[in-house]
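Raw contents of my_file.cif, mmCIF, C-alpha atoms:
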```
data_run
#
loop_
_atom_site.label_atom_id
_atom_site.label_comp_id
_atom_site.auth_asym_id
_atom_site.auth_seq_id
_atom_site.Cartn_x
_atom_site.Cartn_y
_atom_site.Cartn_z
CA MET A 30 114.83 75.83 84.42
CA VAL A 31 118.61 76.04 84.09
CA VAL A 32 120.59 74.31 86.81
CA GLY A 33 124.19 74.52 87.88
CA LYS A 34 125.16 71.49 85.91
CA VAL A 35 124.22 71.62 82.28
CA VAL A 36 124.15 68.21 80.75
CA SER A 37 124.27 67.94 77.02
CA SER A 38 124.35 64.69 75.20
CA THR A 39 125.29 63.70 71.73
CA SER A 40 124.68 60.31 70.29
CA HIS A 41 127.96 58.99 71.70
CA GLU A 42 128.87 61.00 74.78
CA SER A 43 127.54 63.27 77.48
CA ALA A 44 129.32 66.31 78.97
CA GLU A 45 128.66 68.24 82.16
CA LYS A 46 129.34 71.91 82.56
CA ARG A 47 129.50 73.14 86.12
CA LEU A 48 128.78 76.85 86.16
CA SER A 49 130.48 79.36 88.42
CA VAL A 50 129.19 82.80 89.28
CA LEU A 51 130.70 85.79 91.01
CA VAL A 52 128.42 88.30 92.73
CA VAL A 53 130.15 91.65 93.11
CA ASP A 54 128.18 93.94 95.42
CA ASP A 55 128.83 95.84 98.64
CA ASP A 56 125.21 95.58 99.80
CA PRO A 57 124.83 92.59 102.15
CA VAL A 58 121.12 92.36 101.33
CA ILE A 59 121.81 92.04 97.61
CA GLN A 60 124.65 89.60 98.28
CA LYS A 61 122.33 87.37 100.26
CA ILE A 62 119.49 87.50 97.75
CA HIS A 63 121.57 86.91 94.65
CA LYS A 64 123.56 84.16 96.32
CA MET A 65 120.36 82.46 97.41
CA MET A 66 118.88 82.72 93.92
CA LEU A 67 121.97 81.17 92.41
CA THR A 68 122.67 78.44 94.94
CA ASN A 69 119.15 77.50 95.93
CA LYS A 70 117.05 78.14 92.87
CA PHE A 71 119.60 77.31 90.20
CA LYS A 72 121.89 74.97 92.16
CA ILE A 73 125.04 76.87 91.26
CA SER A 74 127.29 75.45 93.95
CA ASP A 75 130.24 77.57 92.87
CA THR A 76 128.89 80.99 93.77
CA GLN A 77 131.29 83.49 95.28
CA VAL A 78 130.82 87.00 96.58
CA ALA A 79 133.15 89.99 96.30
CA GLU A 80 132.31 93.12 98.28
CA ASN A 81 133.82 95.54 95.82
CA GLY A 82 135.48 95.76 92.43
CA LYS A 83 138.96 95.38 93.84
CA GLN A 84 138.12 92.07 95.45
CA ALA A 85 136.69 90.89 92.14
CA VAL A 86 139.85 91.91 90.28
CA ASP A 87 142.09 90.32 92.94
CA LEU A 88 140.17 87.05 92.66
CA HIS A 89 140.90 86.98 88.94
CA ARG A 90 144.55 87.89 89.51
CA CYS A 91 144.75 84.79 91.71
CA GLY A 92 143.51 82.69 88.84
CA ALA A 93 139.77 82.47 89.49
CA ILE A 94 137.57 82.08 86.44
CA PHE A 95 133.82 82.55 86.38
CA ASP A 96 131.18 81.89 83.78
CA LEU A 97 129.10 84.84 84.93
CA ILE A 98 129.92 87.96 86.91
CA LEU A 99 127.09 90.05 88.36
CA MET A 100 128.65 93.47 88.82
CA ASP A 101 127.17 96.26 90.90
CA MET A 102 127.94 99.75 89.69
CA GLU A 103 128.43 101.78 92.86
CA MET A 104 130.87 100.24 95.32
CA PRO A 105 133.56 101.59 97.63
CA ILE A 106 137.28 101.17 96.91
CA MET A 107 136.69 100.20 93.27
CA ASN A 108 133.36 100.65 91.51
CA GLY A 109 131.82 98.43 88.88
CA VAL A 110 132.90 100.56 85.95
CA GLN A 111 136.56 100.48 86.96
CA ALA A 112 136.44 96.81 87.86
CA THR A 113 134.87 95.88 84.54
CA MET A 114 137.49 97.86 82.63
CA GLU A 115 140.29 96.19 84.58
CA LEU A 116 138.89 92.73 84.10
CA ARG A 117 138.54 93.23 80.36
CA ALA A 118 142.06 94.67 80.20
CA MET A 119 143.26 91.51 81.95
CA GLY A 120 141.64 89.47 79.20
CA VAL A 121 138.70 88.19 81.24
CA GLU A 122 136.13 86.92 78.76
CA SER A 123 133.43 85.91 81.24
CA MET A 124 129.96 87.27 80.77
CA ILE A 125 129.86 90.41 82.91
CA VAL A 126 126.40 91.73 83.62
CA GLY A 127 125.92 95.08 85.29
CA VAL A 128 123.36 95.43 88.06
CA THR A 129 122.45 98.95 89.00
CA SER A 130 119.76 101.09 90.57
CA HIS A 131 120.80 103.98 88.37
CA GLY A 132 117.88 105.05 86.25
CA LEU A 133 119.82 107.48 84.07
CA ASP A 134 120.66 106.17 80.62
CA ALA A 135 123.93 108.10 80.49
CA GLU A 136 125.28 106.35 83.56
CA LYS A 137 124.13 102.97 82.29
CA GLN A 138 125.81 103.64 78.96
CA THR A 139 129.06 104.48 80.75
CA PHE A 140 128.82 101.19 82.59
CA ILE A 141 128.07 99.23 79.43
CA GLY A 142 130.90 101.06 77.66
CA ALA A 143 133.32 99.72 80.28
CA GLY A 144 132.88 96.25 78.84
CA LEU A 145 129.63 94.79 80.09
CA ASP A 146 127.70 92.23 78.11
CA ASP A 147 124.44 93.62 79.44
CA CYS A 148 123.04 95.73 82.22
CA PHE A 149 119.93 95.26 84.35
CA ALA A 150 118.10 97.20 87.00
CA LYS A 151 118.28 96.09 90.60
CA PRO A 152 117.00 93.80 91.83
CA LEU A 153 117.63 90.93 89.46
CA THR A 154 114.65 88.68 89.07
CA ILE A 155 114.68 84.91 89.01
CA GLN A 156 113.62 85.10 85.37
CA THR A 157 116.54 87.35 84.43
CA ILE A 158 119.07 85.08 86.10
CA SER A 159 117.48 82.09 84.41
CA SER A 160 117.87 83.77 81.01
CA LEU A 161 121.50 84.66 81.71
CA LEU A 162 122.38 81.14 82.81
CA GLN A 163 120.65 79.75 79.76
CA LEU A 164 122.75 82.02 77.54
CA ILE A 165 125.95 80.76 79.15
CA ALA A 166 124.87 77.17 78.98
CA ASP A 167 124.03 77.36 75.27
CA MET B 18 90.60 75.14 114.01
CA GLU B 19 92.95 77.48 115.82
CA ARG B 20 95.72 76.75 113.32
CA ASN B 21 93.38 77.46 110.42
CA HIS B 22 92.44 80.75 112.02
CA LEU B 23 96.12 81.62 112.39
CA GLN B 24 96.77 80.70 108.78
CA ARG B 25 93.92 82.92 107.68
CA GLN B 26 95.26 85.78 109.76
CA ILE B 27 98.69 85.31 108.19
CA ALA B 28 97.18 85.33 104.71
CA VAL B 29 95.20 88.49 105.46
CA MET B 30 98.21 90.19 106.94
CA ARG B 31 100.37 89.24 104.00
CA GLN B 32 97.80 90.49 101.51
CA SER B 33 97.52 93.79 103.34
CA LEU B 34 101.26 94.36 102.82
CA PHE B 35 100.51 94.40 99.09
CA ASP B 36 97.15 96.14 99.26
CA GLN B 37 98.62 99.00 101.28
CA GLY B 38 101.44 99.35 98.78
CA LEU B 39 104.06 98.56 101.37
CA VAL B 40 105.68 95.78 99.33
CA ASP B 41 105.75 94.89 95.66
CA GLU B 42 106.43 91.89 93.44
CA GLN B 43 110.03 91.64 94.68
CA PHE B 44 108.67 90.40 98.01
CA VAL B 45 107.09 87.52 96.15
CA GLN B 46 110.44 86.79 94.49
CA LEU B 47 111.98 86.45 97.93
CA GLU B 48 109.19 84.15 99.06
CA GLU B 49 109.88 81.94 96.05
CA LEU B 50 113.41 81.41 97.31
CA GLN B 51 112.16 80.11 100.63
CA ASP B 52 112.03 76.35 101.08
CA ASP B 53 112.31 73.64 103.73
CA ALA B 54 116.06 74.15 103.98
CA ASN B 55 115.66 77.92 104.31
CA PRO B 56 112.21 78.38 105.88
CA ASN B 57 112.95 81.83 107.30
CA PHE B 58 114.79 83.30 104.33
CA VAL B 59 112.47 86.28 103.84
CA GLU B 60 112.62 87.17 107.51
CA GLU B 61 116.43 86.84 107.44
CA VAL B 62 116.62 89.19 104.48
CA ALA B 63 114.25 91.68 106.11
CA THR B 64 116.27 91.57 109.35
CA LEU B 65 119.49 92.12 107.43
CA TYR B 66 117.88 94.99 105.55
CA TYR B 67 116.76 96.77 108.72
CA ARG B 68 120.13 96.25 110.34
CA ASP B 69 122.06 97.57 107.36
CA SER B 70 119.68 100.37 106.46
CA SER B 71 119.55 101.75 110.02
CA ARG B 72 123.19 102.66 109.54
CA LEU B 73 122.33 104.53 106.33
CA ILE B 74 119.37 106.26 107.94
CA HIS B 75 121.64 107.44 110.74
CA ASN B 76 124.24 108.69 108.23
CA ILE B 77 121.58 110.61 106.32
CA ASP B 78 120.21 112.09 109.56
CA GLN B 79 123.70 113.30 110.45
CA ALA B 80 124.36 114.64 106.96
CA LEU B 81 121.07 116.58 106.99
CA MET B 82 122.19 118.45 110.11
CA LYS B 83 125.21 119.94 108.39
CA ARG B 84 125.05 123.25 106.52
CA PRO B 85 125.48 123.63 103.69
CA LEU B 86 124.10 120.26 102.69
CA ASP B 87 126.38 117.98 100.73
CA PHE B 88 123.82 116.87 98.13
CA HIS B 89 126.29 114.55 96.44
CA LYS B 90 126.93 112.66 99.68
CA LEU B 91 123.22 112.59 100.51
CA ASP B 92 122.42 111.25 97.07
CA SER B 93 125.07 108.58 97.47
CA TYR B 94 123.64 107.41 100.80
CA MET B 95 120.13 107.42 99.38
CA HIS B 96 121.29 105.49 96.33
CA GLN B 97 122.50 102.75 98.65
CA LEU B 98 119.27 102.77 100.63
CA LYS B 99 117.24 102.63 97.45
CA GLY B 100 119.19 99.61 96.25
CA SER B 101 118.51 97.47 99.26
CA SER B 102 114.97 98.79 99.74
CA SER B 103 114.01 97.78 96.23
CA SER B 104 115.63 94.39 96.76
CA ILE B 105 113.26 93.50 99.55
CA GLY B 106 110.32 95.00 97.71
CA ALA B 107 109.87 97.96 100.05
CA LYS B 108 107.69 99.85 97.58
CA LYS B 109 106.79 103.01 99.49
CA VAL B 110 110.27 103.36 100.97
CA ASN B 111 111.72 103.01 97.49
CA ALA B 112 109.37 105.71 96.18
CA GLU B 113 110.50 108.09 98.92
CA CYS B 114 114.13 107.32 98.10
CA ASN B 115 113.44 108.42 94.52
CA GLN B 116 111.72 111.58 95.72
CA PHE B 117 114.62 112.43 98.00
CA ARG B 118 117.10 111.94 95.17
CA GLU B 119 115.09 114.29 92.97
CA TYR B 120 115.40 116.97 95.65
CA CYS B 121 119.14 116.30 95.80
CA GLN B 122 119.35 116.79 92.03
CA ILE B 123 117.74 120.23 92.26
CA GLY B 124 119.58 121.12 95.45
CA SER B 125 116.50 121.61 97.60
CA ALA B 126 117.44 121.36 101.27
CA GLU B 127 113.86 121.82 102.38
CA GLY B 128 112.69 119.15 99.98
CA CYS B 129 115.32 116.73 101.21
CA VAL B 130 114.42 117.27 104.86
CA ARG B 131 110.70 116.94 104.19
CA SER B 132 111.14 113.90 102.00
CA PHE B 133 113.38 112.20 104.53
CA GLN B 134 110.80 112.68 107.27
CA GLN B 135 108.27 110.95 105.07
CA LEU B 136 110.74 108.22 104.22
CA LYS B 137 111.37 107.48 107.88
CA LYS B 138 107.63 107.27 108.43
CA GLU B 139 107.22 104.74 105.65
CA TYR B 140 110.32 102.87 106.79
CA GLY B 141 108.97 102.63 110.33
CA ALA B 142 105.49 101.65 109.20
CA LEU B 143 106.83 98.82 107.07
CA LYS B 144 109.11 97.63 109.84
CA LYS B 145 106.26 97.47 112.32
CA LYS B 146 103.96 95.65 109.95
CA ILE B 147 106.53 93.23 108.66
CA GLU B 148 107.77 92.34 112.15
CA ALA B 149 104.20 91.60 113.22
CA TYR B 150 103.74 89.46 110.11
CA PHE B 151 106.87 87.41 110.74
CA GLN B 152 105.99 87.00 114.39
CA MET B 153 102.73 85.45 113.33
CA VAL B 154 104.46 83.28 110.75
CA ARG B 155 106.85 82.01 113.43
CA GLN B 156 103.90 81.28 115.66
CA ALA B 157 102.36 79.15 112.97
CA GLY B 158 105.56 77.17 112.51
CA PRO B 159 107.14 75.91 109.28
CA ASP B 160 105.13 75.37 106.07
CA LYS B 161 102.38 77.56 107.35
CA THR B 162 103.09 80.73 105.39
CA ALA B 163 100.55 81.86 102.86
CA CYS B 164 102.72 82.46 99.83
CA SER B 165 100.04 82.72 97.23
CA ARG B 166 98.47 86.03 96.48
CA ASN B 167 94.68 86.11 96.71
#
```

Re-express the file's structure as C-alpha cells.
Amino acid sequence: MVVGKVVSSTSHESAEKRLSVLVVDDDPVIQKIHKMMLTNKFKISDTQVAENGKQAVDLHRCGAIFDLILMDMEMPIMNGVQATMELRAMGVESMIVGVTSHGLDAEKQTFIGAGLDDCFAKPLTIQTISSLLQLIAD
Amino acid sequence: MERNHLQRQIAVMRQSLFDQGLVDEQFVQLEELQDDANPNFVEEVATLYYRDSSRLIHNIDQALMKRPLDFHKLDSYMHQLKGSSSSIGAKKVNAECNQFREYCQIGSAEGCVRSFQQLKKEYGALKKKIEAYFQMVRQAGPDKTACSRN
C-alpha cells in the first residue's frame, strides 16, 4: 500500500517524498470521501479541497503545487475542463486525473483533451487511488 | 448474550441492504475507511448525502412543475444527484437517476415525472432502512459493526 511518505533508499542515502493532493469537486459527499481515502487510508497529510475549478486555479496562482489533482468535470463557476486547460496553460505539470459520472465517451474525450493524464468514473475506489499514488511515487 | 443478538441483528440488517439491491460495493469501500479514529464515518457520509441531496430533490421537484420542462436543467440536477448517490453506493437510487436522465435525453416529460416518483420512493426506502441500521449500530457501540459480507 502506498503511503503519504514514500521512502526510497539507495546504498548510501534515503530520501522521503511527501505527497500532496488536491481534490477539486463541488459535491460535499465526494469531498469527504476522497479526503478520507487520502488522509486516512493513504496518510496523505497534505490533502486540500477546492470546491470548483476557479478555486483550484487560484490556489496554483498563489504558488501551490500538488503531486496529484483529482478533478471533477461538472462544477459551478469553472468546470473541470476549463480548469484543466487553464492549469496546463499556466505550466502546471502535476498529474491531473478527471473524475466524472459522465458515461458518454465524447464528453470524457473532451475532458481528456483538456489536458488530463487519465479519467475515471465516479466514485474513485481505494484501488484506483492506490494505483495513482504508486505512479506518482515511482 | 444480548450483545451477540444485537450484533447478529446488525449483520442481518447490513446484509439485507445488499440483498435488496439498496447498496452496492461502494458501501463496502466506505466501511473500509472507517476505523477507531473515525468510527461513524459511513453514517456521517450518509447523513451528509441526505442533507445535500434533499436540496437537489427539492430543486428537481420545483423544476418538474414548470412548463415547458427545462430538460437541460433537470439533467444537470440529476447528474449531481447521481454523482453523490453512486458515491455512497445507493444502487437503486443511482439506477433511477440513470433512467431519469434517459428520459431527459429524449425529452419525455411524462417519463421524467414517472421516473422521479420512483426515484423518490427508492430514496425514501433507502433512507428509512439505513437510518434504522445506523441506529442499531450506535446502540451496539464502537467496534460492533459487522463489516464483513456473509

Which residues, named as in the file, does the PyMOL selection byres ((chain A and resi 96-105) around 6) pick out? Answer as a PyMOL selection string.
chain A and resi 49-55+81+95+106-109+123-129

Tell me which residues the PyMOL selection byres ((chain B and resi 124) around 12) grabs here, as a list of chain:residue names.
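Output from the PyMOL selection byres ((chain B and resi 124) around 12), applied to this file: B:Pro85, B:Leu86, B:Asp87, B:Phe88, B:His89, B:Lys90, B:Leu91, B:Asp92, B:Phe117, B:Arg118, B:Glu119, B:Tyr120, B:Cys121, B:Gln122, B:Ile123, B:Ser125, B:Ala126, B:Glu127, B:Gly128, B:Cys129, B:Val130.
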
Per residue of chain A within 9 Å of chain B, note the shortest atom pair and the distance in Å to one decimal, counting all atoms listed in the file, and order the rows by chain and increasing residue number, as CSV.
```
residue,atom,partner,partner_atom,distance
A:Asp56,CA,B:Ser101,CA,7.0
A:Pro57,CA,B:Leu65,CA,7.5
A:Val58,CA,B:Tyr66,CA,5.9
A:Ile59,CA,B:Ser101,CA,6.6
A:Lys61,CA,B:Val62,CA,7.3
A:Ile62,CA,B:Val62,CA,7.5
A:Met65,CA,B:Leu50,CA,7.0
A:Met66,CA,B:Leu50,CA,6.6
A:Asn69,CA,B:Leu50,CA,7.1
A:Lys70,CA,B:Leu50,CA,6.6
A:Glu103,CA,B:Gln97,CA,8.3
A:Thr129,CA,B:Gly100,CA,8.0
A:Ser130,CA,B:Gly100,CA,5.9
A:His131,CA,B:His96,CA,8.1
A:Lys151,CA,B:Gly100,CA,6.7
A:Pro152,CA,B:Ser104,CA,5.2
A:Leu153,CA,B:Ser104,CA,8.3
A:Thr154,CA,B:Gln46,CA,7.1
A:Ile155,CA,B:Gln46,CA,7.2
```

Ranking B:Asp41, B:Asp53, B:Glu48, B:Glu60 by minimum distance to B:Phe151 and counting only C-alpha atoms, which one comes first?
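Among B:Asp41, B:Asp53, B:Glu48, B:Glu60, it is B:Glu60 that comes nearest to B:Phe151.
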
Enter the distance from atom CA of A:Arg90 to atom CA of A:Gln111, in Å, rounded to one decimal.
15.1 Å

Between atom CA of A:Asp147 and atom CA of A:Asp87, what distance in Å does the model show, to one decimal?
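It comes out at 22.5 Å.
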
Using only C-alpha atoms for the distances, tell me which of B:Lys137, B:Arg155, B:Arg131, B:Arg20 is nearest to B:His75.
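The closest residue to B:His75 is B:Lys137.
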
Please enumerate the residues selected by the PyMOL selection byres ((chain A and resi 164) around 12) when evaluated against the supplied file, formatted as a list of chain:residue names.
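Checking the PyMOL selection byres ((chain A and resi 164) around 12) against this file, the residues are A:Val31, A:Val35, A:Leu48, A:Asp96, A:Leu97, A:Ser123, A:Met124, A:Asp146, A:Asp147, A:Thr157, A:Ile158, A:Ser159, A:Ser160, A:Leu161, A:Leu162, A:Gln163, A:Ile165, A:Ala166, A:Asp167.
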
What does the distance from atom CA of B:Ile77 to atom CA of B:Cys114 come to in Å, to one decimal?
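Interatomic distance, atom CA of B:Ile77 to atom CA of B:Cys114: 11.6 Å.
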
Find the axis-aligned box for stretch 105-109 of chain B, covering all its listed atoms and adding 5 Å on each side, and write its centre and edge lengths in Å to one decimal as AutoDock Vina command-line options.
```
--center_x 110.0 --center_y 98.3 --center_z 98.8 --size_x 16.5 --size_y 19.5 --size_z 12.5
```

Export: stretch 115-139 of chain B, N, CA, C and O atoms, as a PDB file, in the first residue's frame:
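New file selection34.pdb:
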```
ATOM      1  N   ASN B 115     -30.218   7.290 -13.588  1.00  0.00           N
ATOM      2  CA  ASN B 115     -29.875   6.985 -14.985  1.00  0.00           C
ATOM      3  C   ASN B 115     -31.128   6.962 -15.855  1.00  0.00           C
ATOM      4  O   ASN B 115     -31.130   7.475 -16.975  1.00  0.00           O
ATOM      5  N   GLN B 116     -32.191   6.340 -15.321  1.00  0.00           N
ATOM      6  CA  GLN B 116     -33.440   6.259 -16.057  1.00  0.00           C
ATOM      7  C   GLN B 116     -33.995   7.652 -16.329  1.00  0.00           C
ATOM      8  O   GLN B 116     -34.408   7.970 -17.455  1.00  0.00           O
ATOM      9  N   PHE B 117     -33.983   8.476 -15.303  1.00  0.00           N
ATOM     10  CA  PHE B 117     -34.481   9.849 -15.431  1.00  0.00           C
ATOM     11  C   PHE B 117     -33.714  10.591 -16.514  1.00  0.00           C
ATOM     12  O   PHE B 117     -34.296  11.278 -17.362  1.00  0.00           O
ATOM     13  N   ARG B 118     -32.398  10.419 -16.505  1.00  0.00           N
ATOM     14  CA  ARG B 118     -31.554  11.140 -17.468  1.00  0.00           C
ATOM     15  C   ARG B 118     -31.831  10.673 -18.899  1.00  0.00           C
ATOM     16  O   ARG B 118     -31.737  11.457 -19.845  1.00  0.00           O
ATOM     17  N   GLU B 119     -32.180   9.406 -19.020  1.00  0.00           N
ATOM     18  CA  GLU B 119     -32.540   8.893 -20.358  1.00  0.00           C
ATOM     19  C   GLU B 119     -33.799   9.594 -20.853  1.00  0.00           C
ATOM     20  O   GLU B 119     -33.904   9.944 -22.030  1.00  0.00           O
ATOM     21  N   TYR B 120     -34.767   9.787 -19.953  1.00  0.00           N
ATOM     22  CA  TYR B 120     -35.995  10.481 -20.331  1.00  0.00           C
ATOM     23  C   TYR B 120     -35.711  11.941 -20.672  1.00  0.00           C
ATOM     24  O   TYR B 120     -36.342  12.515 -21.554  1.00  0.00           O
ATOM     25  N   CYS B 121     -34.749  12.524 -19.979  1.00  0.00           N
ATOM     26  CA  CYS B 121     -34.353  13.906 -20.302  1.00  0.00           C
ATOM     27  C   CYS B 121     -33.763  13.963 -21.706  1.00  0.00           C
ATOM     28  O   CYS B 121     -34.059  14.885 -22.477  1.00  0.00           O
ATOM     29  N   GLN B 122     -32.959  12.971 -22.037  1.00  0.00           N
ATOM     30  CA  GLN B 122     -32.305  12.932 -23.354  1.00  0.00           C
ATOM     31  C   GLN B 122     -33.335  12.898 -24.478  1.00  0.00           C
ATOM     32  O   GLN B 122     -33.135  13.520 -25.524  1.00  0.00           O
ATOM     33  N   ILE B 123     -34.426  12.151 -24.269  1.00  0.00           N
ATOM     34  CA  ILE B 123     -35.437  12.029 -25.325  1.00  0.00           C
ATOM     35  C   ILE B 123     -36.550  13.045 -25.163  1.00  0.00           C
ATOM     36  O   ILE B 123     -37.491  13.081 -25.960  1.00  0.00           O
ATOM     37  N   GLY B 124     -36.430  13.862 -24.122  1.00  0.00           N
ATOM     38  CA  GLY B 124     -37.418  14.931 -23.928  1.00  0.00           C
ATOM     39  C   GLY B 124     -38.802  14.438 -23.532  1.00  0.00           C
ATOM     40  O   GLY B 124     -39.815  15.013 -23.949  1.00  0.00           O
ATOM     41  N   SER B 125     -38.845  13.396 -22.726  1.00  0.00           N
ATOM     42  CA  SER B 125     -40.132  12.849 -22.288  1.00  0.00           C
ATOM     43  C   SER B 125     -40.513  13.379 -20.912  1.00  0.00           C
ATOM     44  O   SER B 125     -39.966  12.951 -19.896  1.00  0.00           O
ATOM     45  N   ALA B 126     -41.467  14.312 -20.897  1.00  0.00           N
ATOM     46  CA  ALA B 126     -41.900  14.909 -19.634  1.00  0.00           C
ATOM     47  C   ALA B 126     -42.571  13.857 -18.752  1.00  0.00           C
ATOM     48  O   ALA B 126     -42.304  13.763 -17.549  1.00  0.00           O
ATOM     49  N   GLU B 127     -43.407  13.051 -19.406  1.00  0.00           N
ATOM     50  CA  GLU B 127     -44.122  12.017 -18.650  1.00  0.00           C
ATOM     51  C   GLU B 127     -43.133  11.028 -18.036  1.00  0.00           C
ATOM     52  O   GLU B 127     -43.276  10.614 -16.883  1.00  0.00           O
ATOM     53  N   GLY B 128     -42.164  10.661 -18.835  1.00  0.00           N
ATOM     54  CA  GLY B 128     -41.133   9.723 -18.365  1.00  0.00           C
ATOM     55  C   GLY B 128     -40.366  10.287 -17.187  1.00  0.00           C
ATOM     56  O   GLY B 128     -40.097   9.582 -16.208  1.00  0.00           O
ATOM     57  N   CYS B 129     -40.031  11.564 -17.277  1.00  0.00           N
ATOM     58  CA  CYS B 129     -39.288  12.215 -16.192  1.00  0.00           C
ATOM     59  C   CYS B 129     -40.111  12.231 -14.907  1.00  0.00           C
ATOM     60  O   CYS B 129     -39.605  11.910 -13.829  1.00  0.00           O
ATOM     61  N   VAL B 130     -41.363  12.596 -15.024  1.00  0.00           N
ATOM     62  CA  VAL B 130     -42.229  12.673 -13.843  1.00  0.00           C
ATOM     63  C   VAL B 130     -42.374  11.299 -13.210  1.00  0.00           C
ATOM     64  O   VAL B 130     -42.233  11.129 -11.986  1.00  0.00           O
ATOM     65  N   ARG B 131     -42.625  10.308 -14.058  1.00  0.00           N
ATOM     66  CA  ARG B 131     -42.827   8.939 -13.553  1.00  0.00           C
ATOM     67  C   ARG B 131     -41.549   8.409 -12.892  1.00  0.00           C
ATOM     68  O   ARG B 131     -41.557   7.833 -11.814  1.00  0.00           O
ATOM     69  N   SER B 132     -40.467   8.637 -13.574  1.00  0.00           N
ATOM     70  CA  SER B 132     -39.169   8.161 -13.095  1.00  0.00           C
ATOM     71  C   SER B 132     -38.793   8.833 -11.776  1.00  0.00           C
ATOM     72  O   SER B 132     -38.245   8.201 -10.871  1.00  0.00           O
ATOM     73  N   PHE B 133     -39.117  10.105 -11.661  1.00  0.00           N
ATOM     74  CA  PHE B 133     -38.771  10.831 -10.447  1.00  0.00           C
ATOM     75  C   PHE B 133     -39.588  10.336  -9.260  1.00  0.00           C
ATOM     76  O   PHE B 133     -39.093  10.277  -8.135  1.00  0.00           O
ATOM     77  N   GLN B 134     -40.840   9.984  -9.522  1.00  0.00           N
ATOM     78  CA  GLN B 134     -41.675   9.412  -8.451  1.00  0.00           C
ATOM     79  C   GLN B 134     -41.036   8.124  -7.927  1.00  0.00           C
ATOM     80  O   GLN B 134     -40.948   7.896  -6.715  1.00  0.00           O
ATOM     81  N   GLN B 135     -40.568   7.312  -8.846  1.00  0.00           N
ATOM     82  CA  GLN B 135     -39.927   6.054  -8.469  1.00  0.00           C
ATOM     83  C   GLN B 135     -38.616   6.315  -7.715  1.00  0.00           C
ATOM     84  O   GLN B 135     -38.294   5.657  -6.733  1.00  0.00           O
ATOM     85  N   LEU B 136     -37.900   7.317  -8.204  1.00  0.00           N
ATOM     86  CA  LEU B 136     -36.637   7.666  -7.555  1.00  0.00           C
ATOM     87  C   LEU B 136     -36.865   8.080  -6.106  1.00  0.00           C
ATOM     88  O   LEU B 136     -36.162   7.639  -5.191  1.00  0.00           O
ATOM     89  N   LYS B 137     -37.880   8.891  -5.890  1.00  0.00           N
ATOM     90  CA  LYS B 137     -38.165   9.353  -4.526  1.00  0.00           C
ATOM     91  C   LYS B 137     -38.570   8.190  -3.633  1.00  0.00           C
ATOM     92  O   LYS B 137     -38.255   8.165  -2.433  1.00  0.00           O
ATOM     93  N   LYS B 138     -39.247   7.228  -4.220  1.00  0.00           N
ATOM     94  CA  LYS B 138     -39.610   6.023  -3.459  1.00  0.00           C
ATOM     95  C   LYS B 138     -38.348   5.289  -3.008  1.00  0.00           C
ATOM     96  O   LYS B 138     -38.211   4.920  -1.832  1.00  0.00           O
ATOM     97  N   GLU B 139     -37.463   5.074  -3.957  1.00  0.00           N
ATOM     98  CA  GLU B 139     -36.225   4.339  -3.644  1.00  0.00           C
ATOM     99  C   GLU B 139     -35.375   5.123  -2.656  1.00  0.00           C
ATOM    100  O   GLU B 139     -34.773   4.557  -1.735  1.00  0.00           O
TER     101      GLU B 139
END
```
